[in-house]
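Presented below is the structure to which this report refers.
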Amino acid sequence: MNIIWFGVLRPLYALGLLVAAPLFALVALSGVKRQPDVAIPVLIACVAYFALGFVVFRLAPRWLRSRLMAKVASGRPEGFAPTVEATSVLHNRYLGIDRTHRRAYFVDSDTGARQVVDLEALETWQVVEAPRQAAMLTVSTKLADRPRFDLRLSRRDSARVAAELAALTH
């Protein structure tokens, strides 16, 4: 569902803005006094469309992230205090690394997988940034059942997560 939300609904909303914003400006500047019986419903519809944008771009991602973090918190091991946290709201995945206890906690909500591993089970990690795409955090492990764990990071979080992971190795 999250992929449909981010991959389909948000671009369609943005495409609709190409019609709604100029229509709102045109009707607001010239049409209200000439034809109020048409202009007022059009203005109300445009304002409702802009309010829908607030839901699409602000409230829904926050709700999806809080839902993921609630799932993470419900299965979090006792005493686990992550120093590095990476979330992928798009794919419902979480990675937390506790530096003091030397453990990592993987959560994949889509498959229902939750796993706590020692930090020594992690071989490598890297944050790869590509143009026009969200950064990808790839964690390679020594585990037979999970040799690799991928997370799509937001552009805001990619630099922070890369810096925190680099600090873990030093």
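By convention in this document, the chains of the structure tokens carry letters A, B, ... by their order, each chain's residues are numbered from 1, and ligands are numbered from 1 in the order they are shown.
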**OP:** Write out as a list in words the residues lying within 6 Å of segment 148-150 of chain A, counting only C-alpha atoms and excluding same-chain residues fewer than 2 positions away.
**Re:** Leu137, Thr138, Val139, Ser140, Thr141 and Arg146 of chain A
Subject >> Close residues, Ala162 of chain A itself excluded, 7 Å, only C-alpha atoms, min 4 positions apart in chain, as number ranges by chain >> reply: A: 127, 158, 166
Would you write out those residues with all heavy atoms, as a short mmCIF file (atom, residue, chain, number, x, y, z; two decimals), in the first residue's frame?
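Final file, result.cif:
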data_model
loop_
_atom_site.label_atom_id
_atom_site.label_comp_id
_atom_site.auth_asym_id
_atom_site.auth_seq_id
_atom_site.Cartn_x
_atom_site.Cartn_y
_atom_site.Cartn_z
N VAL A 127 25.61 3.50 1.88
CA VAL A 127 24.50 4.33 1.44
C VAL A 127 24.83 4.79 0.04
O VAL A 127 25.84 5.46 -0.19
CB VAL A 127 24.29 5.54 2.38
CG1 VAL A 127 23.19 6.44 1.85
CG2 VAL A 127 23.98 5.08 3.79
N SER A 158 19.52 10.42 4.51
CA SER A 158 20.63 9.66 3.95
C SER A 158 21.99 10.13 4.46
O SER A 158 22.84 9.31 4.83
CB SER A 158 20.59 9.68 2.43
OG SER A 158 20.78 10.99 1.94
N ALA A 166 29.26 5.55 9.58
CA ALA A 166 30.72 5.75 9.51
C ALA A 166 31.31 5.92 10.91
O ALA A 166 32.42 5.44 11.17
CB ALA A 166 31.03 6.97 8.65
#
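Between atom CA of Val117 of chain A and atom CA of Ala104 of chain A there is a distance of 5.3 Å.
Taking atom CA of Glu85 of chain A and atom CA of Pro147 of chain A as the two end points, the separation is 19.6 Å.
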Original post:
Quick one: DSSP alpha helix (DSSP H) residues in chain A, as a ChimeraX atom specification?
Top reply: /A:2-4,10-26,32-34,36-54,60-75,155-169
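The list of residues with at least one atom within 9 Å of Arg102 of chain A, based on only C-alpha atoms and without residues fewer than 6 positions apart in the same chain, reads Val117, Asp118, Leu119 and Glu120 of chain A.
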Write the residues of the preceding selection, restricted to C-alpha atoms, as a PDB file, in the first residue's frame.
ATOM      1  CA  VAL A 117      21.641  -9.952  15.526  1.00  0.00           C
ATOM      2  CA  ASP A 118      25.053  -9.224  16.937  1.00  0.00           C
ATOM      3  CA  LEU A 119      26.880  -6.368  15.280  1.00  0.00           C
ATOM      4  CA  GLU A 120      29.606  -8.794  14.232  1.00  0.00           C
TER       5      GLU A 120
END
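Note that the spacing between atom CA of Arg160 of chain A and atom CA of Leu9 of chain A amounts to 27.9 Å.
Using only C-alpha atoms, the nearest neighbour of Arg76 of chain A within the list A:Ser88, A:Ala60, A:Glu129, A:Arg114 is A:Arg114.
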Subject >> Exercise: Ala159 of chain A partners within 12 Å, only C-alpha atoms, chain neighbours under 3 positions left out, as an MDAnalysis selection string >> reply: chainID A and resid 86 126:129 134:137 153:156 162:166
**OP:** Please provide the set of residues having any atom within 6 Å of segment 97-99 of chain A, restricted to only C-alpha atoms, with same-chain residues fewer than 6 positions apart removed, written as a VMD selection string.
**Re:** chain A and resid 81 to 84
**OP:** Skip Ala21 of chain A itself and residues of its chain fewer than 4 positions away, then list as a PyMOL selection string all residues within 8 Å of it, counting only C-alpha atoms.
**Re:** chain A and resi 17+25+46
Output N, CA, C and O atoms for every residue in that selection, as a PDB file, in the first residue's frame.
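Output contents, as saved in again_29.pdb:
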ATOM      1  N   LEU A  17      -2.200  19.467  -9.743  1.00  0.00           N
ATOM      2  CA  LEU A  17      -1.886  20.854  -9.377  1.00  0.00           C
ATOM      3  C   LEU A  17      -1.642  21.731 -10.603  1.00  0.00           C
ATOM      4  O   LEU A  17      -1.864  22.941 -10.550  1.00  0.00           O
ATOM      5  N   ALA A  25      -6.105  30.645  -9.560  1.00  0.00           N
ATOM      6  CA  ALA A  25      -5.623  32.014  -9.777  1.00  0.00           C
ATOM      7  C   ALA A  25      -6.491  32.758 -10.789  1.00  0.00           C
ATOM      8  O   ALA A  25      -6.856  33.917 -10.574  1.00  0.00           O
ATOM      9  N   CYS A  46     -11.055  24.056  -5.512  1.00  0.00           N
ATOM     10  CA  CYS A  46      -9.598  24.226  -5.559  1.00  0.00           C
ATOM     11  C   CYS A  46      -9.003  24.253  -4.155  1.00  0.00           C
ATOM     12  O   CYS A  46      -7.957  23.641  -3.914  1.00  0.00           O
TER      13      CYS A  46
END
**OP:** List every residue of segment 73-149 of chain A that DSSP, applied to the backbone, labels as strand (DSSP E or B), and write the result as a VMD selection string.
**Re:** chain A and resid 84 to 88 93 to 98 103 to 108 113 to 118 122 to 128 135 to 141 148 to 149
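With distances restricted to only C-alpha atoms, A:Asn92 is the closest residue to Pro61 of chain A from A:Ser109, A:Asn92, A:Thr169, A:Gln35.
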**OP:** For Val116 of chain A, list every protein, DNA or RNA residue within 10 Å, evaluated using only C-alpha atoms, and leave out those in the same chain fewer than 6 positions away; present the list as a list in words.
**Re:** Arg76, Pro77, Phe80, Leu95, Gly96, Ile97, Arg103, Ala104, Tyr105, Phe106 and Val107 of chain A
**OP:** Have a look at A:Ala113, A:Leu151, A:Val89, A:Ile44 and name the one nearest to Trp125 of chain A; count only C-alpha atoms.
**Re:** A:Leu151
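Residue nearest Leu64 of chain A within the list A:Gln133, A:Thr87, A:Thr111, A:Thr100: A:Thr87 [criterion: smallest interatomic distance, only C-alpha atoms].
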